[in-house]
Amino acid sequence: MQIFETLEEIQAVAPAAVALGNFDGVHLGHQALIQKTVETARAKGLKAAVFTFSNHPKDLLPKEKKVKNILSKASKEEIIASLGVDYLFHVPFTKAIMTMNPATFVEKLLLDKFHMKAAFCGFNYHFGYKAQGNPAVLRQLGQQYGYEVTEMPAYKIKGDVVSSSLIRTLVASGQVEQCMTYMGRHYAIGGEVVVGNRLGKKLGFPTSNLVIDPSMVTPPNGVYVTYCTYNGVRYPSVTNVGHKPTVGHYGKNVETHIFDFDKELYGKEISVEFLKKTRDEVKFDSVQDLSAQIVRDCRQANAFHQKNMEE
């Protein structure tokens, strides 16, 4: 997949079927839209493209609350690439784009830059100045400029409309076990392992620590059954999210103990998948009480993993 990170670097691309949207989370609804785009592109001899923004459009609106990301930029690109996309237009949402009227947006971006021959969007897709563009406007302009428009209806699972806002709510409320239903994968946090306070190692439970990116939606403080992926291998693990109140004052981080693992991971990249929350974070009266609880947390997580493997 060829990735374009600025409009300026998009030169001489082939005619394309283009999936339009923010695709934050690349949930199952997004995947269905992108897969439909890829299928049509193959059938019509076009390139399959995705047009999205590297920042959330609401970030430019002063009265809007910042929207937390579900995926890192790298993860978003990796998942989209896995769907068979040829081009990813992953460009910044700027004031110039925000203030384009819908016709200019179509002419200057979708047609002149992306050579779009077919457009694919969700039922709630908006574009252009004050979000005046929508699927109906896109179709109207398509009749004028000669491209086709496919509008996907709301994607529902168990009666719920699958959306990025739903997934943010699930993660932020600790209902991580439900993410698989709507995303087709577990919610995950990745990054470089940093040096922690090394208390876990002293207690016999060495941990790998990730600093939480404040731009990302994160689970509430507590203990979670997790998987940790390092160097392409997925290991059963247990993770604490929080501030470690028993032993001091720390910034919120992700601290993962990998079962039956003895490699040093400082400076290495890992990814932690969240399967289930088992308890809230607690301030214990002593380090001994904390150590006893860690033993119980590990037993509970191990039992969960064992049951999953048997199923």
# chains A, B, ... in the order shown; residues from 1 in each chain; ligands from 1
call {"tool": "closest_atom_pairs", "arguments": {"of": "stretch 9-38 of chain A", "to": "stretch 118-138 of chain A", "cutoff": "7 Å", "atoms": "only C-alpha atoms", "output": "CSV"}}
result
residue,atom,partner,partner_atom,distance
A:Ala16,CA,A:Ala118,CA,7.0
A:Ala17,CA,A:Ala118,CA,4.5
A:Val18,CA,A:Ala119,CA,5.1
A:Ala19,CA,A:Phe120,CA,4.7
A:Leu20,CA,A:Cys121,CA,5.2
A:Gly21,CA,A:Tyr125,CA,6.6
A:Leu33,CA,A:Phe120,CA,6.9
A:Thr37,CA,A:Phe120,CA,6.4
call {"tool": "write_last_selection", "arguments": {"atoms": "N, CA and C atoms", "output": "CSV table (one decimal), in the first residue's frame"}}
result
chain,number,residue,atom,x,y,z
A,16,ALA,N,-9.1,5.8,-9.3
A,16,ALA,CA,-9.4,5.0,-8.1
A,16,ALA,C,-10.8,5.0,-7.7
A,17,ALA,N,-11.2,3.9,-7.0
A,17,ALA,CA,-12.4,3.9,-6.2
A,17,ALA,C,-12.0,4.3,-4.8
A,18,VAL,N,-12.7,5.2,-4.2
A,18,VAL,CA,-12.2,5.9,-3.0
A,18,VAL,C,-13.2,5.7,-1.8
A,19,ALA,N,-12.7,5.1,-0.7
A,19,ALA,CA,-13.5,5.1,0.5
A,19,ALA,C,-13.3,6.4,1.3
A,20,LEU,N,-14.4,7.0,1.7
A,20,LEU,CA,-14.3,8.3,2.3
A,20,LEU,C,-14.8,8.2,3.8
A,21,GLY,N,-14.0,8.8,4.7
A,21,GLY,CA,-14.4,8.8,6.1
A,21,GLY,C,-13.2,9.0,7.0
A,33,LEU,N,-17.1,-1.2,4.6
A,33,LEU,CA,-17.0,-0.1,3.6
A,33,LEU,C,-15.8,-0.2,2.8
A,37,THR,N,-15.2,-1.2,-1.3
A,37,THR,CA,-14.4,-0.4,-2.2
A,37,THR,C,-13.4,-1.2,-2.9
call {"tool": "closest_atom_pairs", "arguments": {"of": "stretch 270-289 of chain A", "to": "stretch 234-239 of chain A", "cutoff": "10 Å", "atoms": "only C-alpha atoms", "output": "tab-separated table"}}
result
residue	atom	partner	partner_atom	distance
A:Ile270	CA	A:Arg234	CA	9.8
A:Ser271	CA	A:Arg234	CA	9.1
A:Val272	CA	A:Thr239	CA	8.4
A:Glu273	CA	A:Ser237	CA	9.3
A:Phe274	CA	A:Thr239	CA	8.4
A:Leu275	CA	A:Val238	CA	9.7
A:Lys276	CA	A:Val238	CA	9.9
A:Lys277	CA	A:Thr239	CA	9.3
A:Thr278	CA	A:Val238	CA	9.8
call {"tool": "closest_atom_pairs", "arguments": {"of": "stretch 103-222 of chain A", "to": "stretch 72-78 of chain A", "cutoff": "12 Å", "atoms": "only C-alpha atoms", "output": "tab-separated table"}}
result
residue	atom	partner	partner_atom	distance
A:Tyr187	CA	A:Ser75	CA	11.3
A:Ala188	CA	A:Ser75	CA	9.6
A:Ile189	CA	A:Ser72	CA	8.4
A:Gly190	CA	A:Ser72	CA	8.2
A:Gly191	CA	A:Ser72	CA	9.5
A:Ile212	CA	A:Ser72	CA	11.6
A:Asp213	CA	A:Ser72	CA	9.3
A:Pro214	CA	A:Ser72	CA	11.5
A:Ser215	CA	A:Ser72	CA	9.2
A:Met216	CA	A:Ser72	CA	7.7
A:Val217	CA	A:Ser72	CA	10.3
call {"tool": "select_by_dssp", "arguments": {"residues": "stretch 79-292 of chain A", "states": "strand (DSSP E)", "output": "number ranges by chain"}}
result
A: 87-91, 116-122, 148-152, 156-157, 160-161, 187-192, 208-211, 222-230, 233-242, 253-258, 269-280
call {"tool": "write_last_selection", "arguments": {"atoms": "C-alpha atoms", "output": "PDB file, in the first residue's frame"}}
result
ATOM      1  CA  TYR A  87      -3.531   3.993  -1.857  1.00  0.00           C
ATOM      2  CA  LEU A  88      -4.003   5.591   1.546  1.00  0.00           C
ATOM      3  CA  PHE A  89      -4.453   9.366   1.458  1.00  0.00           C
ATOM      4  CA  HIS A  90      -3.746  10.075   5.143  1.00  0.00           C
ATOM      5  CA  VAL A  91      -3.437  13.857   5.174  1.00  0.00           C
ATOM      6  CA  MET A 116     -11.780   9.265  -8.185  1.00  0.00           C
ATOM      7  CA  LYS A 117     -14.096   7.242 -10.442  1.00  0.00           C
ATOM      8  CA  ALA A 118     -16.265   5.742  -7.671  1.00  0.00           C
ATOM      9  CA  ALA A 119     -16.992   7.020  -4.161  1.00  0.00           C
ATOM     10  CA  PHE A 120     -17.909   4.936  -1.102  1.00  0.00           C
ATOM     11  CA  CYS A 121     -19.144   6.497   2.120  1.00  0.00           C
ATOM     12  CA  GLY A 122     -21.256   5.860   5.181  1.00  0.00           C
ATOM     13  CA  GLU A 148     -20.543   6.623  -9.047  1.00  0.00           C
ATOM     14  CA  VAL A 149     -21.544   6.836  -5.383  1.00  0.00           C
ATOM     15  CA  THR A 150     -22.205   3.928  -3.024  1.00  0.00           C
ATOM     16  CA  GLU A 151     -23.706   4.893   0.323  1.00  0.00           C
ATOM     17  CA  MET A 152     -23.450   2.260   3.045  1.00  0.00           C
ATOM     18  CA  LYS A 156     -25.473  -2.892  13.144  1.00  0.00           C
ATOM     19  CA  ILE A 157     -24.490  -5.696  15.495  1.00  0.00           C
ATOM     20  CA  ASP A 160     -26.390  -1.452  18.001  1.00  0.00           C
ATOM     21  CA  VAL A 161     -25.054   0.895  15.334  1.00  0.00           C
ATOM     22  CA  TYR A 187      -8.623  -2.987  21.901  1.00  0.00           C
ATOM     23  CA  ALA A 188      -4.841  -2.526  22.132  1.00  0.00           C
ATOM     24  CA  ILE A 189      -2.220  -0.027  23.278  1.00  0.00           C
ATOM     25  CA  GLY A 190       1.272  -0.122  21.806  1.00  0.00           C
ATOM     26  CA  GLY A 191       4.549   1.667  22.304  1.00  0.00           C
ATOM     27  CA  GLU A 192       8.112   1.533  23.556  1.00  0.00           C
ATOM     28  CA  SER A 208       6.974  -3.907  31.030  1.00  0.00           C
ATOM     29  CA  ASN A 209       5.823  -0.289  31.270  1.00  0.00           C
ATOM     30  CA  LEU A 210       4.221   1.873  28.590  1.00  0.00           C
ATOM     31  CA  VAL A 211       3.599   5.594  29.031  1.00  0.00           C
ATOM     32  CA  GLY A 222      -7.622  -1.213  37.139  1.00  0.00           C
ATOM     33  CA  VAL A 223      -6.313  -4.689  36.408  1.00  0.00           C
ATOM     34  CA  TYR A 224      -6.950  -6.425  33.095  1.00  0.00           C
ATOM     35  CA  VAL A 225      -6.400  -9.819  31.503  1.00  0.00           C
ATOM     36  CA  THR A 226      -4.288  -9.091  28.430  1.00  0.00           C
ATOM     37  CA  TYR A 227      -2.139 -10.427  25.649  1.00  0.00           C
ATOM     38  CA  CYS A 228       1.246  -8.844  25.015  1.00  0.00           C
ATOM     39  CA  THR A 229       2.804  -9.072  21.557  1.00  0.00           C
ATOM     40  CA  TYR A 230       6.553  -8.713  21.196  1.00  0.00           C
ATOM     41  CA  VAL A 233       4.822 -13.452  19.262  1.00  0.00           C
ATOM     42  CA  ARG A 234       1.681 -13.153  21.421  1.00  0.00           C
ATOM     43  CA  TYR A 235       2.072 -13.935  25.128  1.00  0.00           C
ATOM     44  CA  PRO A 236      -0.610 -14.301  27.852  1.00  0.00           C
ATOM     45  CA  SER A 237      -0.247 -11.473  30.367  1.00  0.00           C
ATOM     46  CA  VAL A 238      -1.909  -9.404  33.091  1.00  0.00           C
ATOM     47  CA  THR A 239      -1.871  -5.609  33.073  1.00  0.00           C
ATOM     48  CA  ASN A 240      -2.359  -2.808  35.580  1.00  0.00           C
ATOM     49  CA  VAL A 241      -3.513   0.563  34.266  1.00  0.00           C
ATOM     50  CA  GLY A 242      -3.131   3.421  36.705  1.00  0.00           C
ATOM     51  CA  ASN A 253       0.761   4.138  32.726  1.00  0.00           C
ATOM     52  CA  VAL A 254       0.268   0.610  31.445  1.00  0.00           C
ATOM     53  CA  GLU A 255       2.252  -1.997  33.386  1.00  0.00           C
ATOM     54  CA  THR A 256       2.209  -5.535  32.016  1.00  0.00           C
ATOM     55  CA  HIS A 257       3.465  -8.783  33.522  1.00  0.00           C
ATOM     56  CA  ILE A 258       4.026 -11.439  30.847  1.00  0.00           C
ATOM     57  CA  GLU A 269       8.159  -2.074  20.984  1.00  0.00           C
ATOM     58  CA  ILE A 270       5.236  -4.076  22.364  1.00  0.00           C
ATOM     59  CA  SER A 271       1.463  -4.113  21.948  1.00  0.00           C
ATOM     60  CA  VAL A 272      -0.963  -4.901  24.778  1.00  0.00           C
ATOM     61  CA  GLU A 273      -4.442  -6.250  23.941  1.00  0.00           C
ATOM     62  CA  PHE A 274      -7.149  -5.865  26.592  1.00  0.00           C
ATOM     63  CA  LEU A 275      -9.448  -8.871  27.037  1.00  0.00           C
ATOM     64  CA  LYS A 276     -11.283  -8.227  30.303  1.00  0.00           C
ATOM     65  CA  LYS A 277     -11.189  -5.992  33.359  1.00  0.00           C
ATOM     66  CA  THR A 278     -10.944  -7.945  36.616  1.00  0.00           C
ATOM     67  CA  ARG A 279     -10.887  -5.200  39.288  1.00  0.00           C
ATOM     68  CA  ASP A 280     -10.428  -1.491  39.976  1.00  0.00           C
TER      69      ASP A 280
END
call {"tool": "residues_around", "arguments": {"residues": "A:Ile79", "least_positions_apart": "2", "cutoff": "12 Å", "atoms": "only C-alpha atoms", "output": "PyMOL selection string"}}
result
chain A and resi 1+23-28+30-31+34-35+50+71-77+81-85+88+183-185
call {"tool": "closest_residue", "arguments": {"among": "A:Lys36, A:Asn69, A:Ile294, A:Ala43", "to": "A:Ser164", "atoms": "only C-alpha atoms"}}
result
A:Asn69
call {"tool": "select_by_dssp", "arguments": {"residues": "stretch 47-194 of chain A", "states": "helix (DSSP H, G or I)", "output": "JSON, numbers by chain"}}
result
{"A": [57, 58, 59, 60, 73, 74, 75, 76, 77, 78, 79, 80, 81, 82, 95, 96, 97, 98, 102, 103, 104, 105, 106, 107, 108, 109, 110, 111, 129, 130, 131, 135, 136, 137, 138, 139, 140, 141, 142, 143, 144, 145, 164, 165, 166, 167, 168, 169, 170, 171, 172, 176, 177, 178, 179, 180, 181, 182, 183]}
call {"tool": "closest_residue", "arguments": {"among": "A:Lys108, A:Lys44, A:Val195, A:Val162", "to": "A:Met180", "atoms": "only C-alpha atoms"}}
result
A:Val162
call {"tool": "atom_distance", "arguments": {"atom1": "atom CA of A:His115", "atom2": "atom CA of A:Arg139"}}
result
16.3 Å
call {"tool": "atom_distance", "arguments": {"atom1": "atom CA of A:Asp86", "atom2": "atom CA of A:Ala48"}}
result
5.2 Å
